[in-house]
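Engineer: Shown below is the structure under consideration.
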Amino acid sequence: MNRLTSARRWLAAIRTATGGVRRHKLQAVVIGAVLLIATASATLGFALLSASNAPFQHAFTAQRGAHAAVGVDAAKASPAQLAATTHLPGVTAAAGPFGTDTVATALGGQLFGQLTLSGRANPGGPVDDLVLSAGHWASGPGQLVLDGQSAPPGSGGPVLGATVTVTSLRGQPKLTIVGFANSVTSTADGWVTPSEITQLQATAPAANGQGTRHAQVPGAQASTQMLYRFTKAASFSQVRADVATVSRALPSGAVTGTVSWLSAANESTGNGSIMEPFVVAFALIGLIMAVLIVGNVVSGAVVASYQRIGVLKSLGLTPGQVVVAYLGRVGWPALAGALFGVVAGNLLALPVLNDSAGAYGVGRQSVPWWASVAAPLGMLALTGLAAAGPAIRAGRLSAVQAIAAGRAPRAGRGYAAHRLAARLRLPRPLGLGLAAPFARPARTLVGLAAICFGATAVIFAVGLSSSLGRAEQAQNHSASAPVVMQQNVNGPQQQFPSAAQDAAMVAVLRAQPGTAHYVAEYDNQVKVTGLAGNVFARVYGGDAAWIGFGQIAGHWPDGPGQIDVNTAFLTQSGLAIGSPVTVNTGTAQVTARIAGEVFDPGGHPDLFGSAGTLPGMATTENLSQYYVGLKPGTTASAYREAVNRALGTGNAWQAYPPQGGNFYSIASELIGLLSLMVAVAAGLGVLNTVLMTTRDRVHDLGVYKALGMRPRQLLVMVLGWVAGPAVIAGAIAAPAAVALNSATVRAMAGTAHTAIPASFTAVFPPSRLALLALAALVIAVAGAFLPASWAARARPATALRTE
Amino acid sequence: MRERGRFGAEMTMSGEVIRLDGVTKNYQAGGPPALDNVHLRVTAGDVLAVMGPSGSGKSTLLNLVAGLDRPTAGQVAIAGRRIDKLSETALARFRARHVGIIFQFFNLLDDLTVEDNVLLPAQLAGASRRQARARADELLERMGITQYRNAYPARMSGGQRQRVAIARALVNSPELLLADEPTGALDTATGQQIAGLLRELNADGQTLVLVTHDRSLAQRFAARTVELVDGQLMSDTAAGVPA
Ligand SMILES: Nc1ncnc2c1ncn2[C@@H]1O[C@H](COP(=O)(O)OP(=O)(O)O)[C@@H](O)[C@H]1O
Ligand SMILES: [Mg+2]
């Protein structure tokens with residue numbers, strides 16, 4: 001009790017002694033704002049870090065996911081031979097054989113696509129322990145458990161009790177959905193009882209495969225599936241080697257395909273984790289700035305009140321009390337800033353995480369609780385450390401030293417700079433301003449660093465936006481093909497536009513004076529020898545180079561027998577540019593040569609080619625859209641309207657604008673917001689530095705005024721204090737931002753399993769970079785302007801009286 | 001704008017360099033005024049000594065005359081021109097051209113050399129480089145500190161520093177030189193030297209207002225002495241004789 005009152009008493013004494021927080025409202029606001037910004041970006045960064053791959057990894061461990069799902073031709077390998085593979089070296093667990101069949105289906109009269117069904121007696125097992133999310137397991141004939149979540153009723157998607165018709169088999173057998181289950185690596189699209197699968201395998205195909213959008217994959221029938229876990233399965237090549245071991249133990253040709261768990265892992269990596277590199281970059285910048293600015297505020301406060309400290313110490317204040325007093329000065333604003341920062345970080349994280357949640361197939365994502373704790377605590381701890389240095393220094397100072405040190409900067413510093421500035425033919429106020437920072441090198445360095453970080457963030461943000469813009473371009477081609485012709489969402493409810501409708505639409509395009517190019521794109525899954533699973537093929541009806549692809553290496557196919565592929569294709573197949581590949585389009589098997597690698601992010605292997613190179617692809621059923629390029633001067637919206645008028649309402653085709661990626665718009669908003677926050681923090685840092693300096697030099701400023709310095713001259717002089725550091729900061733920030741941008745774009749691409757064309761990072765032509773480096777000057781001047789104009793307006797008599 | 005014009009013509013016409021009419025200065029509303037309804041006139045070429053106890057309003061009076069602050073009420077006219085309503089910019093121009101100020105604690109700029117200190121008001125006023133240098137050389141010479149031209153004020157003695165301050169105050173050849181306790185921080189002998197310098201300047205025609213509480217200093221060289229008590233002008237004596 002007694003101790004408490006005495007503690008309270010001396011705290012009160014200290015508060016008066018050091019001036020307290022309230023007397024330094026603006027500094028409190030600066031500290032609070034900087035902490036808010038740093039904490040918000042740190043919270044977001046933590047949330048994205050944890051969101052990246054964790055859900056998949058957790059699910060994979062919990063469900064004992066299959067490192068490889070190996071398709072086996074049941075006719076070539078006996079059950080005994082298959083059982084023997086489970087004891088091979090490197091195999092830690094295995095399940096199967098499960099009979100599989102790939103069939104085309106319909107649901108409620110609509111195509112439901114091609115499903116790979118697997119016969120399993122129960123959902124559990126040593127590998128690929130399925131999680132039943134609704135209904136029950138298939139226990140009798142005609143029962144089907146689908147992979148994934150059931151769609152909400154009325155949405156037209158699959159619901160419990162709905163009937164799936166197998167259209168590719170004679171008699172069109174019907175299966176009733178009795179349950180939904182999740183396989184972490186999606187080893188099958190649906191499960192039936194083992195006897196059901198045997199029966200389906202035995203059923204002859206329907207007379208014509210009409211209505212089948214997807215290719216009939218040869219060898220898909222009468223196959224079985226083995227699921228394995230291996231000791232070493234961290235990379236595609238390790239999994240390939242593991243499967244090769246299994247393959248060698250079986251008769252040749254028995255293994256028909258493999259699905260590596262890494263494909264599923266790649267696909268589970270959502271947008272959130274792609275954004276992670278730049279969010280982390282911004283969070284780091286914010287963090288360093290917060291530390292610098294807080295340290296600067298405290299040391300500035302200490303320097304400004306040396307005399308006061310001396311007097312108080314001579315009156316008996318202990319060093320510990322002095323330290324506490326100065327820490328208290330940053331305490332409240334810092335705490336408030338950190339708390340608001342957590343809230344802001346959570347708000348920022350929501351749209352980003354929700355956007356990526358879809359990709360995981362694991363439901364909603366939320367900011368982990370530890371991120372909301374670690375970010376503010378970490379920031380507060382760092383702030384405390386930053387403040388502790390100068391506070392302890394103040395505590396150690398002897399009373400006499402402190403009084404003697406006073407508030408003046410050490411004499412002798414900056415003399416040479418002033419001498420030089422006086423000789424230069426600069427306007428005198430500017431010269432005085434430019435030379436001034438040399439008197440306080442430490443403070444100048446902190447201001448310089450704040451400007452530098454702020455400018456780096458701004459330049460980086462502009463560069464990253466350009467880089468992402470180029471990536472978006474390479475994906476949606478909106479600049480080169482501002483119009484796409486797609487199936488009319490409000491058109492007749494038919495499955496595909498007929499060949500006649502296609503021809504009529506092409507005639508409309510030809511008739512438009514604004515049409516420069518158009519090309520049809522056909523999409524379907526194909527099989528590529530050496531790559532298990534399907535490969536997504538985009539095939540063009542004519543010259544497509546003008547659409548604008550992001551060429552990473554090699555070139556766009558410029559002759560027959562050439563295809564381009566994406567990075568995932570190369571990594572997963574182990575092939576390189578120049579390699580021959582055998583592509584099975586379902587109706588034909590051709591050998592083509594890989595001519596180039598194009599930007600097409602994602603863990604799924606894709607290939608690009610012409611209809612001539614890949615016969616059987618250019619069918620009405622595969623036709624997905626037309627890209628339309630316009631002649632210069634043609635307005636895309638007017639063009640679209642004209643085409644749609646000519647087509648008439650209810651036409652099977654309609655002109656649309658290219659759809660932008662949700663990822664890119666979220667990313668660019670986030671980048672804009674983060675860079676703005678960092679720039680504001682930098683500006684506040686400058687404001688604070690200049691404010692401290694005008695306070696320190698208030699007497700000198702009074703003298704300048706007494707000698708006839710006009711308000712505008714004084715403004716120029718004070719802006720001159722920051723101009724020099726700003727120029728240096730800009731010179732440092734420009735190359736730093738370029739390097740940061742390249743590293744970040746590479747890291748993002750790595751997360752998206754793709755390499756990038758050099759053009760994506762070459763977004764800083766020298767003239768543009770020079771212009772962007774001016775951001776440093778803008779931040780500095782914006783930050784300095786307020787205190788500078790206050791100083792310019794202050795009455796000289798008041799300033800001169802502080803002696 | 002009126003302040004743009006040169007003041008010389010009006011000054012010679014009236015011969016009045018300072019004219020205060022009912023000047024009151026209140027730093028805090030409701031508190032006692034630092035200056036209370038002061039009327040004062042000073043003629044060109046005069047020396048006026050302002051005396052009074054500490055806190056009586058001497059510096060406040062000087063600041064108002066120098067245009068460093070504005071009165072709460074009343075009019076301040078310097079060299080025939082009202083300055084109490086001028087903008088900050090116009091006041092700064094006025095100070096640069098028409099008044100020079102010397103302070104008790106010199107108020108030199110520590111990071112500038114002696115020469116750069118002296119040149120500064122001329123540079124701020126936009127004087128030509130050559131003219132400013134010539135004038136600075138002349139003043140350094142006159143103050144006997146030419147050899148310290150490239151030295152820094154921090155290493156100089158109080159008397160030397162005050163000489164630099166005087167040179168700096170005179171570089172723009174102001175009509176009016178204001179000195180606020182110029183000898184207050186100096187030992188007696190040095191103080192007398194500085195006083196001698198100021199008297200010489202006056203002998204050459206420089207109008208001078210000298211704030212001091214050294215009565216002997218005031219009597220020795222001021223033709224006229226006013227005394228402030230609690231912000232009010234209590235006495236106004238010419239050469240020891242009540243006016
Ligand atoms: N800038 C100011 N703000 C508030 N009060 C002031 C200010 N300057 C002077 N004063 C007050 O006005 C009175 C006169 O002060 P001053 O003119 O400095 O007296 P002197 O120079 O005669 O010692 C004093 O009471 C002083 O405290
Ligand atoms: Mg005084």
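Convention: chains lettered A, B, ... in structure tokens order; per-chain residue numbering from 1; ligands numbered from 1 as shown.
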For the interface of chain A with chain B (cut-off 10 Å, counting only C-alpha atoms), please tabulate each contacting residue of chain A alongside its nearest pair of atoms and their separation in Å to one decimal, rows sorted by chain and increasing number, as CSV.
Structural biologist:
```
residue,atom,partner,partner_atom,distance
A:Ala408,CA,B:Asp110,CA,9.7
A:Pro409,CA,B:Asp111,CA,10.0
A:Ala411,CA,B:Asp111,CA,7.5
A:Gly412,CA,B:Asp111,CA,7.2
A:Arg413,CA,B:Asp111,CA,7.7
A:Gly414,CA,B:Asp111,CA,6.9
A:Tyr415,CA,B:Asp111,CA,5.5
A:Ala416,CA,B:Asp111,CA,9.0
A:Ala417,CA,B:Asp111,CA,9.3
A:His418,CA,B:Leu112,CA,6.5
A:Arg419,CA,B:Leu112,CA,7.3
A:Ala422,CA,B:Asp116,CA,7.2
A:Arg423,CA,B:Asp116,CA,9.8
A:Arg425,CA,B:Arg129,CA,9.8
A:Pro427,CA,B:Gln123,CA,8.3
A:Arg428,CA,B:Gln123,CA,6.4
A:Pro429,CA,B:Leu124,CA,7.5
A:Leu432,CA,B:Leu112,CA,9.3
A:Ala435,CA,B:Asp111,CA,9.5
A:Ala436,CA,B:Asp111,CA,8.7
A:Ala439,CA,B:Asp111,CA,8.2
A:His699,CA,B:Asn107,CA,8.5
A:Asp700,CA,B:Leu109,CA,6.8
A:Leu701,CA,B:Leu109,CA,9.8
A:Gly702,CA,B:Leu68,CA,9.0
A:Val703,CA,B:Asn107,CA,6.5
A:Tyr704,CA,B:Pro121,CA,8.4
A:Lys705,CA,B:Ala92,CA,6.7
A:Ala706,CA,B:Leu68,CA,6.6
A:Leu707,CA,B:Pro121,CA,5.4
A:Gly708,CA,B:Ala96,CA,4.0
A:Met709,CA,B:Ala92,CA,5.8
A:Arg710,CA,B:Ala92,CA,5.0
A:Pro711,CA,B:Thr89,CA,5.8
A:Arg712,CA,B:Thr89,CA,7.7
A:Gln713,CA,B:Leu124,CA,8.1
A:Ala792,CA,B:Glu88,CA,8.9
A:Arg793,CA,B:Glu88,CA,7.4
A:Ala794,CA,B:Glu88,CA,9.1
A:Arg795,CA,B:Asp69,CA,6.3
A:Pro796,CA,B:Leu68,CA,5.5
A:Ala797,CA,B:Leu68,CA,5.2
A:Thr798,CA,B:Asp69,CA,8.2
A:Ala799,CA,B:Leu68,CA,9.9
A:Leu800,CA,B:Asn107,CA,8.7
A:Arg801,CA,B:Ser59,CA,9.5
A:Glu803,CA,B:Phe105,CA,8.6
```
Engineer: So which residues touch segment 382-398 of chain A within 8 Å, counting only C-alpha atoms, skipping near sequence neighbours fewer than 3 positions away, as a short mmCIF file (atom, residue, chain, number, x, y, z; two decimals) with N, CA, C and O atoms, in the first residue's frame?
Structural biologist:
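File around.cif, as written:
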```
data_model
loop_
_atom_site.label_atom_id
_atom_site.label_comp_id
_atom_site.auth_asym_id
_atom_site.auth_seq_id
_atom_site.Cartn_x
_atom_site.Cartn_y
_atom_site.Cartn_z
N ALA A 290 9.31 1.00 -37.91
CA ALA A 290 8.74 1.26 -36.59
C ALA A 290 9.85 1.34 -35.55
O ALA A 290 9.87 2.24 -34.71
N VAL A 291 10.79 0.40 -35.65
CA VAL A 291 11.89 0.40 -34.69
C VAL A 291 12.70 1.69 -34.78
O VAL A 291 13.00 2.35 -33.79
N LEU A 292 13.03 2.07 -36.02
CA LEU A 292 13.82 3.29 -36.23
C LEU A 292 13.10 4.51 -35.69
O LEU A 292 13.69 5.34 -34.99
N VAL A 294 10.56 4.77 -33.56
CA VAL A 294 10.37 4.79 -32.11
C VAL A 294 11.69 5.13 -31.41
O VAL A 294 11.74 5.98 -30.51
N GLY A 295 12.77 4.49 -31.86
CA GLY A 295 14.08 4.78 -31.28
C GLY A 295 14.41 6.26 -31.42
O GLY A 295 14.91 6.90 -30.50
N VAL A 298 12.33 8.48 -29.01
CA VAL A 298 12.81 8.44 -27.63
C VAL A 298 14.15 9.13 -27.50
O VAL A 298 14.36 9.94 -26.59
N SER A 299 15.06 8.85 -28.44
CA SER A 299 16.37 9.47 -28.26
C SER A 299 16.24 10.98 -28.45
O SER A 299 16.91 11.75 -27.78
N VAL A 302 15.03 12.35 -25.29
CA VAL A 302 16.09 12.36 -24.29
C VAL A 302 17.04 13.52 -24.53
O VAL A 302 17.36 14.29 -23.63
N TYR A 306 17.93 16.77 -21.94
CA TYR A 306 19.15 16.50 -21.17
C TYR A 306 19.22 17.38 -19.93
O TYR A 306 19.47 16.92 -18.84
N ILE A 309 16.82 16.36 -17.37
CA ILE A 309 17.26 15.14 -16.70
C ILE A 309 18.31 15.47 -15.66
O ILE A 309 18.27 15.00 -14.52
N GLY A 310 19.25 16.34 -16.06
CA GLY A 310 20.32 16.72 -15.15
C GLY A 310 19.76 17.34 -13.88
O GLY A 310 20.13 16.96 -12.77
N LYS A 313 18.02 14.76 -11.79
CA LYS A 313 18.95 13.87 -11.12
C LYS A 313 19.58 14.57 -9.95
O LYS A 313 19.78 13.97 -8.88
N THR A 318 16.42 8.61 -9.64
CA THR A 318 17.39 7.54 -9.88
C THR A 318 17.43 7.21 -11.37
O THR A 318 16.47 7.47 -12.10
N PRO A 319 18.54 6.57 -11.82
CA PRO A 319 18.62 6.18 -13.24
C PRO A 319 17.44 5.32 -13.66
O PRO A 319 16.88 5.51 -14.74
N GLY A 320 17.05 4.37 -12.80
CA GLY A 320 15.93 3.49 -13.13
C GLY A 320 14.66 4.29 -13.39
O GLY A 320 13.93 4.02 -14.33
N GLN A 321 14.43 5.28 -12.56
CA GLN A 321 13.23 6.09 -12.74
C GLN A 321 13.27 6.86 -14.05
O GLN A 321 12.25 7.01 -14.72
N VAL A 322 14.46 7.31 -14.42
CA VAL A 322 14.58 8.03 -15.68
C VAL A 322 14.24 7.11 -16.85
O VAL A 322 13.49 7.46 -17.76
N VAL A 323 14.76 5.86 -16.78
CA VAL A 323 14.48 4.89 -17.84
C VAL A 323 12.99 4.64 -17.95
O VAL A 323 12.40 4.69 -19.04
N VAL A 324 12.35 4.39 -16.79
CA VAL A 324 10.91 4.13 -16.78
C VAL A 324 10.16 5.31 -17.38
O VAL A 324 9.23 5.15 -18.17
N TYR A 326 11.07 7.45 -19.61
CA TYR A 326 11.12 7.56 -21.07
C TYR A 326 10.43 6.41 -21.78
O TYR A 326 9.87 6.57 -22.85
N LEU A 327 10.48 5.21 -21.15
CA LEU A 327 9.75 4.09 -21.74
C LEU A 327 8.26 4.39 -21.70
O LEU A 327 7.52 4.10 -22.64
N VAL A 330 6.67 6.23 -24.68
CA VAL A 330 6.21 5.55 -25.90
C VAL A 330 5.14 4.53 -25.60
O VAL A 330 4.45 4.06 -26.49
N ALA A 334 2.15 3.39 -28.22
CA ALA A 334 2.59 2.15 -28.88
C ALA A 334 1.55 1.05 -28.67
O ALA A 334 1.19 0.32 -29.60
N GLY A 378 5.24 -8.94 -30.52
CA GLY A 378 6.55 -8.79 -31.15
C GLY A 378 6.87 -7.33 -31.42
O GLY A 378 7.96 -6.85 -31.11
N MET A 379 5.89 -6.62 -31.96
CA MET A 379 6.12 -5.21 -32.29
C MET A 379 6.37 -4.40 -31.03
O MET A 379 7.23 -3.53 -31.00
N GLN A 401 26.96 16.06 -16.37
CA GLN A 401 27.08 15.83 -17.81
C GLN A 401 25.81 16.28 -18.53
O GLN A 401 25.87 16.95 -19.56
N ALA A 402 24.69 15.87 -17.94
CA ALA A 402 23.42 16.13 -18.60
C ALA A 402 23.17 17.63 -18.73
O ALA A 402 22.80 18.12 -19.79
#
```
Engineer: Counting only C-alpha atoms and all ligand atoms, which residues in chain B sit no more than 7 Å from ligand 2? For each one, give the nearest pair of atoms and the distance in Å, sorted by chain then residue number, as JSON lines.
Structural biologist:
```
{"residue": "B:Ser54", "atom": "CA", "partner": "ligand 2", "partner_atom_place_in_ligand_line": "1 (Mg)", "distance": 6.7}
{"residue": "B:Gly55", "atom": "CA", "partner": "ligand 2", "partner_atom_place_in_ligand_line": "1 (Mg)", "distance": 6.8}
{"residue": "B:Lys58", "atom": "CA", "partner": "ligand 2", "partner_atom_place_in_ligand_line": "1 (Mg)", "distance": 5.6}
{"residue": "B:Ser59", "atom": "CA", "partner": "ligand 2", "partner_atom_place_in_ligand_line": "1 (Mg)", "distance": 4.2}
{"residue": "B:Asp180", "atom": "CA", "partner": "ligand 2", "partner_atom_place_in_ligand_line": "1 (Mg)", "distance": 6.7}
```
Engineer: Restrict the selected residues to C-alpha atoms and save them as an mmCIF file, in the first residue's frame.
Structural biologist:
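Contents of the output file result-v1.cif:
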```cif
data_model
loop_
_atom_site.group_PDB
_atom_site.id
_atom_site.type_symbol
_atom_site.label_atom_id
_atom_site.label_comp_id
_atom_site.auth_asym_id
_atom_site.auth_seq_id
_atom_site.Cartn_x
_atom_site.Cartn_y
_atom_site.Cartn_z
ATOM 1 C CA SER B 54 13.983 42.814 -14.551
ATOM 2 C CA GLY B 55 10.583 41.856 -15.961
ATOM 3 C CA LYS B 58 12.207 46.370 -21.686
ATOM 4 C CA SER B 59 12.753 43.437 -24.014
ATOM 5 C CA ASP B 180 19.154 44.428 -25.563
#
```
Engineer: Mind the document's chain letters and residue numbers, and return as a PyMOL selection string the residues of segment 14-243 of chain B that DSSP labels strand (DSSP E).
Structural biologist: chain B and resi 16-25+35-43+47-51+73-78+81-82+99-102+176-180+207-211+224-229+232-238+241-242
Engineer: So which one's closest to ligand 1, B:Gln28, B:Gln75, B:Ser173, B:Thr146? Using only C-alpha atoms and all ligand atoms, please.
Structural biologist: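 When distances to ligand 1 are compared using only C-alpha atoms and all ligand atoms, the smallest one comes from B:Gln28.
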Engineer: Ranking B:Ala151, B:Leu210, B:Met51, B:Met143 by minimum distance to ligand 1 and counting only C-alpha atoms and all ligand atoms, which one comes first?
Structural biologist: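 Checking each of B:Ala151, B:Leu210, B:Met51, B:Met143 against ligand 1, counting only C-alpha atoms and all ligand atoms, the winner is B:Met51.
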Engineer: For the helix (DSSP H, G or I) assignment from backbone DSSP, which residues of segment 299-543 of chain A qualify? Please present them as a PyMOL selection string.
Structural biologist: chain A and resi 299-304+306-314+319-360+369-396+399-405+415-423+428-439+441-476+499-511
Engineer: Can you tell me, as a list of chain:residue names, what residues are no more than 7 Å from Ala73 of chain B when counting only C-alpha atoms, ignoring any on the same chain fewer than 6 positions away?
Structural biologist: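 Residues near the query, excluding close chain neighbours: B:Val23, B:Thr24, B:Lys25.
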Engineer: Produce a file of the selected residues containing C-alpha atoms, as a PDB file, in the first residue's frame.
Structural biologist:
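Okay, part_1.pdb is ready:
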```pdb
ATOM      1  CA  VAL B  23       1.188  50.457 -27.222  1.00  0.00           C
ATOM      2  CA  THR B  24       0.018  47.649 -24.960  1.00  0.00           C
ATOM      3  CA  LYS B  25       1.297  44.057 -24.969  1.00  0.00           C
TER       4      LYS B  25
END
```
